[in-house]
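Listing of work_2.cif, mmCIF, C-alpha atoms and all ligand atoms
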data_final
loop_
_atom_site.label_atom_id
_atom_site.label_comp_id
_atom_site.auth_asym_id
_atom_site.auth_seq_id
_atom_site.Cartn_x
_atom_site.Cartn_y
_atom_site.Cartn_z
CA MET A 574 72.13 -49.31 -90.97
CA ALA A 575 75.60 -48.43 -89.67
CA ALA A 576 76.99 -45.22 -91.15
CA LEU A 577 79.98 -46.66 -92.88
CA MET A 578 77.95 -49.42 -94.54
CA ARG A 579 75.91 -46.91 -96.51
CA LEU A 580 76.97 -46.34 -100.10
CA PRO A 581 78.71 -42.99 -100.52
CA VAL A 582 76.36 -40.28 -101.80
CA THR A 583 77.55 -39.01 -105.16
CA LEU A 584 76.32 -36.26 -107.45
CA GLN A 585 74.90 -39.00 -109.69
CA ARG A 586 72.90 -40.33 -106.72
CA LEU A 587 71.57 -36.84 -105.94
CA ARG A 588 70.46 -36.38 -109.55
CA ALA A 589 68.78 -39.81 -109.44
CA LEU A 590 66.90 -38.77 -106.28
CA LYS A 591 65.73 -35.57 -108.00
CA PHE A 592 64.44 -37.48 -111.01
CA ALA A 593 62.80 -40.10 -108.82
CA GLY A 594 61.06 -37.32 -106.87
CA GLU A 595 62.68 -38.41 -103.59
CA LYS A 596 63.55 -35.48 -101.34
CA ILE A 597 67.18 -34.91 -100.35
CA ALA A 598 68.03 -34.30 -96.68
CA ALA A 599 70.95 -31.96 -95.98
CA LEU A 600 72.25 -30.49 -92.73
CA THR A 601 75.25 -28.48 -91.62
CA ALA A 602 77.93 -30.11 -89.48
CA TYR A 603 81.32 -28.90 -88.36
CA ASP A 604 82.89 -31.88 -86.60
CA ALA A 605 83.40 -35.63 -86.78
CA THR A 606 80.86 -36.62 -84.11
CA PHE A 607 77.88 -34.86 -85.65
CA ALA A 608 78.99 -35.94 -89.12
CA ARG A 609 78.91 -39.56 -87.92
CA LEU A 610 75.47 -39.17 -86.28
CA MET A 611 74.12 -37.60 -89.46
CA SER A 612 75.50 -40.43 -91.61
CA GLU A 613 73.81 -42.95 -89.34
CA GLN A 614 70.46 -41.19 -89.74
CA GLY A 615 70.60 -41.00 -93.54
CA VAL A 616 71.50 -37.37 -94.16
CA GLU A 617 72.64 -37.22 -97.78
CA ILE A 618 74.54 -33.93 -97.86
CA ILE A 619 76.61 -32.55 -95.00
CA LEU A 620 77.22 -28.85 -95.52
CA VAL A 621 80.28 -27.53 -93.73
CA GLY A 622 78.72 -24.09 -93.72
CA ASP A 623 80.41 -20.79 -93.03
CA SER A 624 77.45 -20.42 -90.65
CA LEU A 625 80.09 -21.76 -88.26
CA GLY A 626 81.08 -18.10 -87.90
CA MET A 627 77.81 -17.61 -86.02
CA VAL A 628 77.09 -20.93 -84.35
CA LEU A 629 80.66 -21.89 -83.36
CA GLN A 630 82.52 -18.58 -83.27
CA GLY A 631 79.72 -16.35 -81.92
CA ALA A 632 79.91 -13.71 -84.65
CA GLN A 633 76.92 -11.79 -86.02
CA ASN A 634 77.56 -12.96 -89.58
CA THR A 635 79.82 -15.18 -91.70
CA LEU A 636 82.27 -12.53 -92.89
CA ALA A 637 85.23 -13.24 -90.58
CA VAL A 638 85.40 -16.96 -91.37
CA THR A 639 88.73 -17.87 -93.00
CA MET A 640 89.93 -20.52 -95.41
CA ASP A 641 91.90 -22.10 -92.55
CA ASP A 642 88.68 -22.34 -90.49
CA MET A 643 86.82 -23.98 -93.37
CA VAL A 644 89.60 -26.43 -94.22
CA TYR A 645 89.94 -27.41 -90.56
CA HIS A 646 86.21 -28.07 -90.04
CA SER A 647 85.87 -29.84 -93.40
CA ARG A 648 88.67 -32.17 -92.37
CA LEU A 649 86.93 -32.96 -89.08
CA VAL A 650 83.68 -33.76 -90.89
CA ALA A 651 85.49 -35.89 -93.47
CA LYS A 652 87.04 -37.95 -90.67
CA GLY A 653 83.59 -38.67 -89.20
CA THR A 654 81.94 -40.13 -92.24
CA ALA A 655 82.38 -41.97 -95.51
CA GLY A 656 78.71 -41.72 -96.49
CA PRO A 657 77.21 -38.30 -97.17
CA LEU A 658 78.45 -35.91 -99.81
CA ILE A 659 80.58 -33.29 -98.07
CA LEU A 660 79.86 -29.80 -99.38
CA SER A 661 82.07 -27.02 -98.01
CA ASP A 662 81.46 -23.31 -98.15
CA MET A 663 84.11 -21.11 -99.69
CA PRO A 664 84.36 -18.22 -97.21
CA PHE A 665 83.99 -14.51 -97.90
CA MET A 666 86.58 -13.19 -100.40
CA SER A 667 88.23 -16.59 -100.91
CA TYR A 668 86.89 -16.70 -104.49
CA ALA A 669 86.98 -13.04 -105.49
CA THR A 670 88.92 -13.94 -108.66
CA PRO A 671 88.88 -17.21 -110.62
CA GLU A 672 92.57 -17.82 -109.82
CA GLN A 673 92.06 -17.30 -106.10
CA ALA A 674 88.97 -19.55 -106.24
CA LEU A 675 90.92 -22.36 -107.91
CA ALA A 676 93.78 -22.27 -105.40
CA ASN A 677 91.42 -22.15 -102.41
CA ALA A 678 88.96 -24.74 -103.73
CA ALA A 679 91.89 -27.10 -104.37
CA ARG A 680 92.81 -26.74 -100.68
CA MET A 681 89.24 -27.44 -99.61
CA ILE A 682 89.18 -30.68 -101.61
CA GLY A 683 92.79 -31.76 -101.06
CA GLU A 684 93.40 -30.76 -97.44
CA GLY A 685 89.80 -30.53 -96.23
CA GLY A 686 88.44 -33.69 -97.84
CA ALA A 687 85.35 -31.92 -99.24
CA HIS A 688 83.67 -33.40 -102.31
CA MET A 689 82.22 -30.13 -103.57
CA VAL A 690 82.52 -26.41 -102.85
CA LYS A 691 79.72 -23.84 -102.53
CA LEU A 692 80.02 -20.29 -103.84
CA GLU A 693 77.55 -17.46 -103.22
CA GLY A 694 76.51 -15.44 -106.24
CA GLY A 695 75.29 -15.48 -109.83
CA SER A 696 76.45 -13.97 -113.12
CA TRP A 697 79.77 -12.60 -111.84
CA LEU A 698 80.86 -16.15 -110.92
CA LEU A 699 80.41 -17.85 -114.28
CA ASP A 700 84.11 -17.81 -115.27
CA THR A 701 85.02 -19.13 -111.84
CA VAL A 702 82.49 -21.97 -112.04
CA ARG A 703 83.85 -22.92 -115.46
CA LYS A 704 87.44 -22.80 -114.22
CA LEU A 705 86.72 -25.06 -111.24
CA THR A 706 84.47 -27.58 -112.95
CA GLU A 707 86.79 -27.93 -115.97
CA ARG A 708 89.52 -28.92 -113.50
CA GLY A 709 87.42 -31.51 -111.69
CA ILE A 710 86.12 -29.51 -108.74
CA PRO A 711 82.35 -29.83 -108.44
CA VAL A 712 80.55 -26.56 -107.68
CA CYS A 713 77.32 -25.80 -105.84
CA GLY A 714 75.78 -22.37 -106.44
CA HIS A 715 73.98 -20.38 -103.73
CA LEU A 716 71.37 -17.77 -104.71
CA GLY A 717 68.71 -15.69 -102.98
CA LEU A 718 69.74 -14.59 -99.50
CA THR A 719 73.50 -15.02 -99.83
CA PRO A 720 74.75 -14.29 -96.29
CA GLN A 721 78.15 -13.01 -97.44
CA TRP A 722 76.22 -10.11 -99.02
CA VAL A 723 74.68 -9.07 -95.70
CA ASN A 724 76.14 -5.56 -95.88
CA LYS A 725 74.89 -5.05 -99.46
CA PHE A 726 71.45 -6.39 -98.57
CA GLY A 727 71.23 -4.34 -95.36
CA GLY A 728 70.60 -7.45 -93.24
CA HIS A 729 69.59 -11.06 -93.69
CA ARG A 730 66.54 -10.33 -95.86
CA VAL A 731 64.28 -12.35 -98.15
CA GLN A 732 65.36 -11.93 -101.80
CA GLY A 733 63.45 -12.21 -105.08
CA ARG A 734 60.10 -10.75 -104.05
CA GLU A 735 60.02 -8.12 -106.80
CA PRO A 736 59.53 -9.45 -110.36
CA ASP A 737 62.87 -8.14 -111.70
CA ALA A 738 64.80 -9.56 -108.72
CA ALA A 739 63.02 -12.91 -109.16
CA GLU A 740 63.90 -12.91 -112.85
CA ARG A 741 67.55 -12.20 -112.04
CA ILE A 742 67.72 -15.15 -109.64
CA TYR A 743 66.00 -17.42 -112.19
CA THR A 744 68.42 -16.35 -114.94
CA ASP A 745 71.43 -16.71 -112.63
CA ALA A 746 70.39 -20.26 -111.68
CA HIS A 747 70.30 -21.30 -115.33
CA ALA A 748 73.55 -19.49 -116.12
CA LEU A 749 75.30 -21.29 -113.22
CA ALA A 750 74.01 -24.64 -114.51
CA GLU A 751 75.21 -23.77 -118.02
CA ALA A 752 78.65 -22.90 -116.62
CA GLY A 753 78.89 -26.31 -114.93
CA ALA A 754 77.37 -26.00 -111.44
CA GLU A 755 75.81 -29.32 -110.35
CA LEU A 756 73.86 -28.37 -107.23
CA LEU A 757 72.11 -25.20 -106.09
CA VAL A 758 71.16 -23.83 -102.68
CA LEU A 759 68.26 -21.39 -102.76
CA GLU A 760 67.91 -19.43 -99.52
CA CYS A 761 64.95 -17.30 -98.44
CA VAL A 762 63.16 -16.76 -101.72
CA PRO A 763 59.40 -16.96 -102.38
CA SER A 764 58.17 -20.52 -102.89
CA ALA A 765 56.79 -19.80 -106.39
CA LEU A 766 60.25 -18.73 -107.55
CA ALA A 767 61.89 -21.77 -105.93
CA ARG A 768 59.33 -24.05 -107.61
CA ARG A 769 59.90 -22.40 -111.02
CA ILE A 770 63.67 -22.87 -110.76
CA THR A 771 63.49 -26.42 -109.37
CA THR A 772 61.15 -27.67 -112.08
CA SER A 773 63.04 -26.04 -114.95
CA ILE A 774 66.60 -27.10 -114.13
CA SER A 775 68.30 -30.50 -114.14
CA MET A 776 70.63 -29.98 -111.17
CA PRO A 777 69.16 -30.74 -107.72
CA VAL A 778 67.97 -27.65 -105.83
CA ILE A 779 68.23 -27.57 -102.04
CA GLY A 780 66.06 -25.01 -100.28
CA ILE A 781 66.21 -23.19 -96.97
CA GLY A 782 63.31 -20.84 -96.33
CA ALA A 783 62.33 -21.43 -99.98
CA GLY A 784 59.11 -23.43 -99.63
CA PRO A 785 58.30 -27.13 -100.00
CA ASP A 786 58.98 -27.69 -103.70
CA CYS A 787 62.78 -27.78 -103.88
CA ASP A 788 64.42 -31.16 -104.42
CA GLY A 789 65.73 -31.14 -100.86
CA GLN A 790 66.11 -29.08 -97.71
CA VAL A 791 69.01 -27.89 -95.61
CA LEU A 792 69.05 -26.43 -92.09
CA VAL A 793 71.76 -25.36 -89.70
CA LEU A 794 72.36 -28.12 -87.11
CA HIS A 795 72.09 -25.77 -84.12
CA ASP A 796 68.61 -24.68 -85.25
CA VAL A 797 67.47 -28.30 -85.65
CA ILE A 798 68.51 -29.22 -82.11
CA GLY A 799 67.24 -25.92 -80.66
CA VAL A 800 70.51 -24.57 -79.27
CA SER A 801 70.92 -21.50 -81.50
CA ALA A 802 70.89 -18.04 -79.99
CA ARG A 803 68.63 -17.12 -82.91
CA LYS A 804 65.08 -18.33 -83.54
CA LEU A 805 64.52 -18.43 -87.28
CA ARG A 806 61.11 -18.76 -88.90
CA MET A 807 62.50 -21.11 -91.53
CA ALA A 808 63.80 -23.62 -88.95
CA ARG A 809 62.17 -26.14 -86.60
CA ASN A 810 63.49 -27.55 -83.33
CA PHE A 811 63.34 -31.32 -83.92
CA LEU A 812 64.83 -32.13 -80.51
CA GLN A 813 61.51 -31.16 -78.89
CA GLN A 814 59.76 -34.07 -80.62
CA GLY A 815 62.84 -36.31 -80.80
CA GLY A 816 64.02 -36.55 -77.20
CA SER A 817 67.65 -37.29 -78.17
CA ILE A 818 70.01 -35.84 -80.72
CA GLN A 819 69.92 -39.05 -82.75
CA ALA A 820 66.11 -39.06 -82.72
CA ALA A 821 66.00 -35.36 -83.66
CA LEU A 822 68.24 -35.98 -86.67
CA ALA A 823 66.12 -38.99 -87.66
CA ALA A 824 62.94 -36.90 -87.29
CA TYR A 825 64.41 -34.17 -89.50
CA VAL A 826 65.37 -36.66 -92.23
CA ASP A 827 61.94 -38.30 -92.04
CA ALA A 828 60.11 -34.94 -92.15
CA VAL A 829 62.08 -33.86 -95.23
CA LYS A 830 61.64 -37.20 -96.99
CA THR A 831 57.89 -37.36 -96.33
CA GLY A 832 57.29 -33.70 -97.19
CA LYS A 833 56.21 -32.79 -93.63
CA PHE A 834 59.00 -30.22 -93.46
CA PRO A 835 58.98 -27.43 -94.47
CA GLU A 836 55.43 -26.21 -93.89
CA ALA A 837 54.14 -22.91 -95.29
CA ALA A 838 55.09 -21.19 -92.03
CA HIS A 839 58.79 -21.94 -92.66
CA GLY A 840 58.80 -20.21 -96.05
CA SER A 841 59.46 -16.65 -97.20
CA ASP A 842 56.06 -15.88 -98.74
CA GLN A 843 54.73 -13.47 -96.12
O1 LIG B 901 76.59 -21.56 -94.08
C1 LIG B 901 75.53 -22.19 -94.08
O2 LIG B 901 75.16 -22.89 -93.15
C2 LIG B 901 74.68 -22.09 -95.29
C3 LIG B 901 73.26 -22.56 -95.16
C4 LIG B 901 72.47 -21.61 -94.36
C5 LIG B 901 72.64 -22.82 -96.50
O3 LIG B 901 75.13 -21.63 -96.29
#
How would this structure read if it were set down as structure tokens?
Amino acid sequence: MAALMRLPVTLQRLRALKFAGEKIAALTAYDATFARLMSEQGVEIILVGDSLGMVLQGAQNTLAVTMDDMVYHSRLVAKGTAGPLILSDMPFMSYATPEQALANAARMIGEGGAHMVKLEGGSWLLDTVRKLTERGIPVCGHLGLTPQWVNKFGGHRVQGREPDAAERIYTDAHALAEAGAELLVLECVPSALARRITTSISMPVIGIGAGPDCDGQVLVLHDVIGVSARKLRMARNFLQQGGSIQAALAAYVDAVKTGKFPEAAHGSDQ
């Protein structure tokens, strides 16, 4: 079906998919062309990720990405599609206080055309999540390996292996939901923890390196088409089986929907 004939994906639709047990396919995109191709292949959430710091700007991490960068790339994605839900990352230090978060999130929605913003972190963000959601800005949480914390974590490391760390992530997920968050990304946590959170919470949970039991999966586009400088265990190159970019995107969506991706090897259990 042509991209623009698909019904727009809303938060209500994502919740319906969760309750129907249908997996949600999400991918990062940073421009209009890939956003259009993803819409045509049935991707439900396009994440304008601050991973663009690495895959577009060549940095080692996401920390130098600015609000202007994120607004610009969100706008490009919004021009390419009317179908998927557009989720944009709030970059490092753009939401350090609730007031700053509100002003910057308003830009991301108003200028960037995003439908929802993603913030990394747990308990310290609760006032911010309340402030945004009470003013009509939908919020996605991001827990586990939160890449903006790379210097605190001492690298991009699996989180939540120890029981107290797992408990903190579980509690944070529920506190974010209570504060008004309506979607959650769980990155690089053990699959048992991801399963426990996903089955105990009503908002959809999208995993990356978090095992097969989340409500959906997200990957970085450049990993899916095998052009990243990095080779991540949690990713798969779908272009190898696909033969074209369109076929690779279709294969990714199909593998997520049918539960063929991720396999145990893509998780964070070992
Ligand atoms: O920036 C990004 O692409 C992300 C995903 C890795 C979840 O946050």
Can you list every residue of chain A that has an atom at most 8 Å from ligand LIG 901 (chain B), with its nearest atom pair and the distance in Å to one decimal, using all atoms listed in the file, ordered by chain then number, as CSV?
residue,atom,partner,partner_atom,distance
A:Thr601,CA,B:LIG901,O2,5.8
A:Leu620,CA,B:LIG901,O2,6.7
A:Val621,CA,B:LIG901,O2,6.9
A:Gly622,CA,B:LIG901,O1,3.3
A:Asp623,CA,B:LIG901,O1,4.0
A:Ser624,CA,B:LIG901,O1,3.7
A:Leu625,CA,B:LIG901,O1,6.8
A:Thr635,CA,B:LIG901,O1,7.5
A:Asp662,CA,B:LIG901,O1,6.6
A:His715,CA,B:LIG901,O3,7.6
A:Thr719,CA,B:LIG901,O3,7.7
A:Pro720,CA,B:LIG901,O3,7.3
A:Val758,CA,B:LIG901,C5,6.4
A:Leu759,CA,B:LIG901,C5,7.8
A:Glu760,CA,B:LIG901,C5,6.6
A:Gly780,CA,B:LIG901,C5,7.9
A:Ile781,CA,B:LIG901,C5,6.5
A:Val791,CA,B:LIG901,C5,6.3
A:Leu792,CA,B:LIG901,C4,6.3
A:Val793,CA,B:LIG901,O2,5.4
Next on the checklist: So the first atom is atom CA of Asp786 of chain A and the second is atom CA of Val762 of chain A; what is the distance between them in Å, to one decimal place?
Outcome noted: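 If I compute the distance from atom CA of Asp786 of chain A to atom CA of Val762 of chain A, I get 11.9 Å.
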Item to check | Separation of atom CA of Ala674 of chain A from atom CA of Asp641 of chain A, in Å and rounded to one decimal | outcome: 14.2 Å
Item to check | Neighbour list for Cys761 of chain A as a list of chain:residue names, cut-off 10 Å, only C-alpha atoms, skip fewer than 3 positions in-chain | outcome: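 The filter keeps A:Leu716, A:Gly717, A:Leu718, A:Thr719, A:His729, A:Arg730, A:Val731, A:Gln732, A:Gly733, A:Arg734, A:Val758, A:Ser764, A:Ala767, A:Gly780, A:Ile781, A:Gly782, A:Ala783, A:Gly784, A:Met807, A:His839, A:Gly840, A:Ser841, A:Asp842.
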Now that the selection is made, can you save its residues with C-alpha atoms as a short mmCIF file (atom, residue, chain, number, x, y, z; two decimals), in the coordinates of the input?
data_model
loop_
_atom_site.label_atom_id
_atom_site.label_comp_id
_atom_site.auth_asym_id
_atom_site.auth_seq_id
_atom_site.Cartn_x
_atom_site.Cartn_y
_atom_site.Cartn_z
CA LEU A 716 71.37 -17.77 -104.71
CA GLY A 717 68.71 -15.69 -102.98
CA LEU A 718 69.74 -14.59 -99.50
CA THR A 719 73.50 -15.02 -99.83
CA HIS A 729 69.59 -11.06 -93.69
CA ARG A 730 66.54 -10.33 -95.86
CA VAL A 731 64.28 -12.35 -98.15
CA GLN A 732 65.36 -11.93 -101.80
CA GLY A 733 63.45 -12.21 -105.08
CA ARG A 734 60.10 -10.75 -104.05
CA VAL A 758 71.16 -23.83 -102.68
CA SER A 764 58.17 -20.52 -102.89
CA ALA A 767 61.89 -21.77 -105.93
CA GLY A 780 66.06 -25.01 -100.28
CA ILE A 781 66.21 -23.19 -96.97
CA GLY A 782 63.31 -20.84 -96.33
CA ALA A 783 62.33 -21.43 -99.98
CA GLY A 784 59.11 -23.43 -99.63
CA MET A 807 62.50 -21.11 -91.53
CA HIS A 839 58.79 -21.94 -92.66
CA GLY A 840 58.80 -20.21 -96.05
CA SER A 841 59.46 -16.65 -97.20
CA ASP A 842 56.06 -15.88 -98.74
#
Counting only C-alpha atoms, what are the residues of segment 730-831 of chain A within 12 Å of segment 678-696 of chain A, and for each of them which pair of atoms is the nearest and at what distance in Å, to one decimal? Sort the table by chain and rising number, as CSV.
residue,atom,partner,partner_atom,distance
A:Arg741,CA,A:Gly695,CA,8.7
A:Ile742,CA,A:Gly695,CA,7.6
A:Tyr743,CA,A:Gly695,CA,9.8
A:Thr744,CA,A:Ser696,CA,8.6
A:Asp745,CA,A:Gly695,CA,4.9
A:Ala746,CA,A:Gly695,CA,7.1
A:His747,CA,A:Gly695,CA,9.4
A:Ala748,CA,A:Ser696,CA,6.9
A:Leu749,CA,A:Gly695,CA,6.7
A:Ala750,CA,A:Gly695,CA,10.4
A:Glu751,CA,A:Ser696,CA,11.0
A:Ala752,CA,A:Ser696,CA,9.8
A:Ala754,CA,A:Lys691,CA,9.5
A:Glu755,CA,A:Met689,CA,9.4
A:Leu756,CA,A:Lys691,CA,8.8
A:Leu757,CA,A:Lys691,CA,8.5
A:Val758,CA,A:Lys691,CA,8.6
A:Leu759,CA,A:Glu693,CA,10.1
A:Glu760,CA,A:Glu693,CA,10.5
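One finds atom CA of Ser612 of chain A at 16.2 Å from atom CA of Lys596 of chain A.
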Next on the checklist: List as a list in words the protein and nucleic acid residues near Ala599 of chain A, meaning an atom at most 8 Å away when only C-alpha atoms are counted, but skip any in the same chain fewer than 4 places from it.
Outcome noted: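 Listed by chain and then number, they are Val616, Glu617, Ile618, Ile619, Leu620, Ile779, Gly789, Gln790, Val791 and Leu792 of chain A.
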Item to check | Within 12 Å of Ala820 of chain A using all atoms listed in the file, minus same-chain residues under 6 positions, as a ChimeraX atom specification | outcome: /A:610-611,613-615,797-798,810-814,826-828
Checklist entry - With distances taken over only C-alpha atoms, which of A:Thr670, A:Leu675, A:Leu822, A:Met627 is nearest to Arg609 of chain A? => result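 Among the listed residues, A:Leu822 lies closest to Arg609 of chain A.
Neighbourhood of point (68.5, -40.4, -108.8): residues with an atom at most 12 Å away, counting all atoms listed in the file, are A:Val582, A:Thr583, A:Leu584, A:Gln585, A:Arg586, A:Leu587, A:Arg588, A:Ala589, A:Leu590, A:Lys591, A:Phe592, A:Ala593, A:Gly594, A:Glu595, A:Lys596, A:Ile597, A:Ser775, A:Met776, A:Pro777, A:Asp788.
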